[in-house]
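Listing of input_4.cif; format and content: mmCIF, C-alpha atoms.
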```cif
data_structure
loop_
_atom_site.label_atom_id
_atom_site.label_comp_id
_atom_site.auth_asym_id
_atom_site.auth_seq_id
_atom_site.Cartn_x
_atom_site.Cartn_y
_atom_site.Cartn_z
CA MET A 1 136.37 -115.60 186.51
CA MET A 2 135.81 -118.37 183.95
CA LEU A 3 137.11 -121.13 186.26
CA ASP A 4 134.65 -120.11 189.00
CA ASP A 5 131.76 -120.17 186.50
CA PHE A 6 132.94 -123.56 185.21
CA LEU A 7 133.18 -125.06 188.72
CA THR A 8 129.74 -123.70 189.68
CA ALA A 9 128.18 -125.23 186.56
CA PHE A 10 130.07 -128.52 186.95
CA ASP A 11 129.19 -128.87 190.64
CA ALA A 12 125.50 -128.30 189.79
CA MET A 13 125.54 -131.32 187.48
CA PRO A 14 124.36 -134.47 189.28
CA ALA A 15 126.49 -137.59 189.63
CA GLY A 16 125.39 -140.62 187.63
CA GLY A 17 124.05 -141.01 184.13
CA TYR A 18 121.46 -138.79 182.43
CA GLY A 19 120.63 -136.90 179.26
CA GLY A 20 121.28 -133.34 178.26
CA SER A 21 121.28 -130.91 175.34
CA PHE A 22 124.11 -128.76 174.02
CA ASP A 23 124.39 -126.76 170.81
CA GLY A 24 121.20 -128.30 169.42
CA LYS A 25 122.40 -131.87 170.01
CA ARG A 26 121.41 -134.56 172.52
CA TYR A 27 124.00 -136.20 174.77
CA ARG A 28 124.25 -139.11 177.17
CA ILE A 29 126.22 -137.74 180.14
CA THR A 30 127.98 -139.67 182.90
CA LYS A 31 129.52 -137.91 185.89
CA THR A 32 131.56 -140.10 188.21
CA VAL A 33 132.77 -139.01 191.65
CA MET A 34 135.77 -140.79 193.17
CA ALA A 35 138.05 -140.33 196.20
CA THR A 36 135.29 -138.65 198.24
CA GLY A 37 134.85 -135.97 195.60
CA ARG A 38 138.50 -135.06 195.14
CA SER A 39 138.52 -136.71 191.71
CA GLN A 40 135.65 -136.41 189.25
CA LYS A 41 135.18 -137.51 185.66
CA LEU A 42 132.65 -136.40 183.08
CA GLU A 43 131.93 -138.13 179.79
CA ALA A 44 129.32 -136.97 177.29
CA GLU A 45 128.52 -138.83 174.09
CA GLU A 46 126.39 -137.28 171.35
CA LEU A 47 123.36 -139.45 170.62
CA GLY A 48 123.22 -140.26 166.91
CA GLY A 49 126.42 -138.35 166.22
CA ASN A 50 130.18 -138.37 166.63
CA ASP A 51 130.80 -135.68 169.25
CA TYR A 52 132.40 -136.70 172.53
CA VAL A 53 133.46 -134.71 175.59
CA SER A 54 135.61 -136.19 178.36
CA PHE A 55 137.68 -134.78 181.20
CA ASN A 56 138.90 -135.35 184.74
CA LEU A 57 138.78 -132.71 187.46
CA TYR A 58 141.03 -132.98 190.50
CA ARG A 59 140.53 -130.96 193.68
CA LEU A 60 143.94 -130.66 195.30
CA ALA A 61 144.72 -130.48 199.01
CA ASP A 62 145.81 -126.84 198.71
CA GLY A 63 142.30 -125.89 197.50
CA SER A 64 143.21 -125.51 193.84
CA THR A 65 141.66 -127.48 191.01
CA LEU A 66 143.27 -129.20 188.06
CA LEU A 67 141.24 -129.70 184.88
CA LYS A 68 142.53 -132.44 182.58
CA PRO A 69 140.64 -132.75 179.28
CA CYS A 70 141.02 -136.14 177.58
CA GLU A 71 142.65 -135.51 174.18
CA MET A 72 140.67 -132.35 173.39
CA PRO A 73 141.08 -128.62 173.95
CA GLU A 74 140.18 -127.22 177.38
CA GLU A 75 137.89 -124.72 175.61
CA LYS A 76 135.73 -127.60 174.33
CA VAL A 77 135.06 -129.00 177.81
CA THR A 78 134.51 -125.60 179.42
CA SER A 79 132.11 -124.58 176.65
CA PHE A 80 130.18 -127.84 177.08
CA VAL A 81 129.86 -127.58 180.87
CA LEU A 82 128.86 -123.91 180.73
CA GLY A 83 126.30 -124.51 177.96
CA VAL A 84 124.78 -127.94 178.54
CA VAL A 85 121.17 -128.16 179.72
CA VAL A 86 120.72 -131.26 181.85
CA ASP A 87 117.37 -133.10 181.67
#
```
Before anything else, please render the file you have as structure tokens.
Amino acid sequence: MMLDDFLTAFDAMPAGGYGGSFDGKRYRITKTVMATGRSQKLEAEELGGNDYVSFNLYRLADGSTLLKPCEMPEEKVTSFVLGVVVD
């Protein structure tokens, strides 16, 4: 399932700030963990370009997850997380 693949890739990304590559471009990535991991935010800014990826992920008490992209299609954030290569 795509959501399972997305969560596996997202959880493998470290918290904090670091670099990464996606689609032949370099990004500065920041992953923030809040509320003991129940709320997480990822922001990625293309270095020397205009691309930007941002979303929040909420892990609900019933075990489900809620992905909330910030003013962009869900496909953009899932594609980024599944394809980014972290330094």
Shell of 8 Å around segment 79-83 of chain A, all atoms listed in the file, local chain residues under 5 positions omitted, as a PyMOL selection string
chain A and resi 5-6+9-10+22-23+53
What would the list of residues within 12 Å of (145.5, -131.3, 186.8) (file frame) look like as a PDB file with C-alpha atoms, in the frame of the given file, if only C-alpha atoms are what count?
```pdb
ATOM      1  CA  ARG A  38     138.500-135.060 195.140  1.00  0.00           C
ATOM      2  CA  SER A  39     138.520-136.710 191.710  1.00  0.00           C
ATOM      3  CA  GLN A  40     135.650-136.410 189.250  1.00  0.00           C
ATOM      4  CA  PHE A  55     137.680-134.780 181.200  1.00  0.00           C
ATOM      5  CA  ASN A  56     138.900-135.350 184.740  1.00  0.00           C
ATOM      6  CA  LEU A  57     138.780-132.710 187.460  1.00  0.00           C
ATOM      7  CA  TYR A  58     141.030-132.980 190.500  1.00  0.00           C
ATOM      8  CA  ARG A  59     140.530-130.960 193.680  1.00  0.00           C
ATOM      9  CA  LEU A  60     143.940-130.660 195.300  1.00  0.00           C
ATOM     10  CA  SER A  64     143.210-125.510 193.840  1.00  0.00           C
ATOM     11  CA  THR A  65     141.660-127.480 191.010  1.00  0.00           C
ATOM     12  CA  LEU A  66     143.270-129.200 188.060  1.00  0.00           C
ATOM     13  CA  LEU A  67     141.240-129.700 184.880  1.00  0.00           C
ATOM     14  CA  LYS A  68     142.530-132.440 182.580  1.00  0.00           C
ATOM     15  CA  PRO A  69     140.640-132.750 179.280  1.00  0.00           C
ATOM     16  CA  CYS A  70     141.020-136.140 177.580  1.00  0.00           C
ATOM     17  CA  GLU A  74     140.180-127.220 177.380  1.00  0.00           C
TER      18      GLU A  74
END
```
Spell out the residues picked by the PyMOL selection byres ((chain A and resi 44) around 10) here, as a short mmCIF file (atom, residue, chain, number, x, y, z; two decimals) with C-alpha atoms, in the frame of the given file.
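Printed below is out10.cif as written:
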```
data_model
loop_
_atom_site.label_atom_id
_atom_site.label_comp_id
_atom_site.auth_asym_id
_atom_site.auth_seq_id
_atom_site.Cartn_x
_atom_site.Cartn_y
_atom_site.Cartn_z
CA GLY A 17 124.05 -141.01 184.13
CA TYR A 18 121.46 -138.79 182.43
CA GLY A 19 120.63 -136.90 179.26
CA GLY A 20 121.28 -133.34 178.26
CA ARG A 26 121.41 -134.56 172.52
CA TYR A 27 124.00 -136.20 174.77
CA ARG A 28 124.25 -139.11 177.17
CA ILE A 29 126.22 -137.74 180.14
CA THR A 30 127.98 -139.67 182.90
CA LYS A 31 129.52 -137.91 185.89
CA LEU A 42 132.65 -136.40 183.08
CA GLU A 43 131.93 -138.13 179.79
CA GLU A 45 128.52 -138.83 174.09
CA GLU A 46 126.39 -137.28 171.35
CA LEU A 47 123.36 -139.45 170.62
CA ASP A 51 130.80 -135.68 169.25
CA TYR A 52 132.40 -136.70 172.53
CA VAL A 53 133.46 -134.71 175.59
CA SER A 54 135.61 -136.19 178.36
CA PHE A 55 137.68 -134.78 181.20
CA VAL A 77 135.06 -129.00 177.81
CA PHE A 80 130.18 -127.84 177.08
#
```
For atom CA of Ala61 of chain A and atom CA of Gly37 of chain A, the interatomic separation in Å (one decimal):
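We find that atom CA of Ala61 of chain A and atom CA of Gly37 of chain A lie 11.8 Å from each other.
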Could you tell me how far atom CA of Gly49 of chain A sits from atom CA of Gly24 of chain A, in Å to one decimal place?
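Between atom CA of Gly24 of chain A and atom CA of Gly49 of chain A the gap is 11.8 Å.
From atom CA of Val85 of chain A back to atom CA of Ser21 of chain A, the distance works out to 5.2 Å.
Of the listed residues (A:Met34, A:Thr78, A:Lys41, A:Asn50), A:Thr78 comes nearest to Asp4 of chain A; the distances count only C-alpha atoms.
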Padding of 3 Å on every side, edges along x, y and z, all listed atoms of segment 68-81 of chain A included: what centre and edge lengths in Å, to one decimal, does that box have, as AutoDock Vina command-line options?
```
--center_x 136.3 --center_y -130.4 --center_z 178.0 --size_x 18.8 --size_y 17.6 --size_z 15.2
```
Tell me which of A:Pro73, A:Asp62, A:Gly48, A:Thr32 sits closest to Met13 of chain A, counting all atoms listed in the file.
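Smallest distance to Met13 of chain A is found for A:Thr32.
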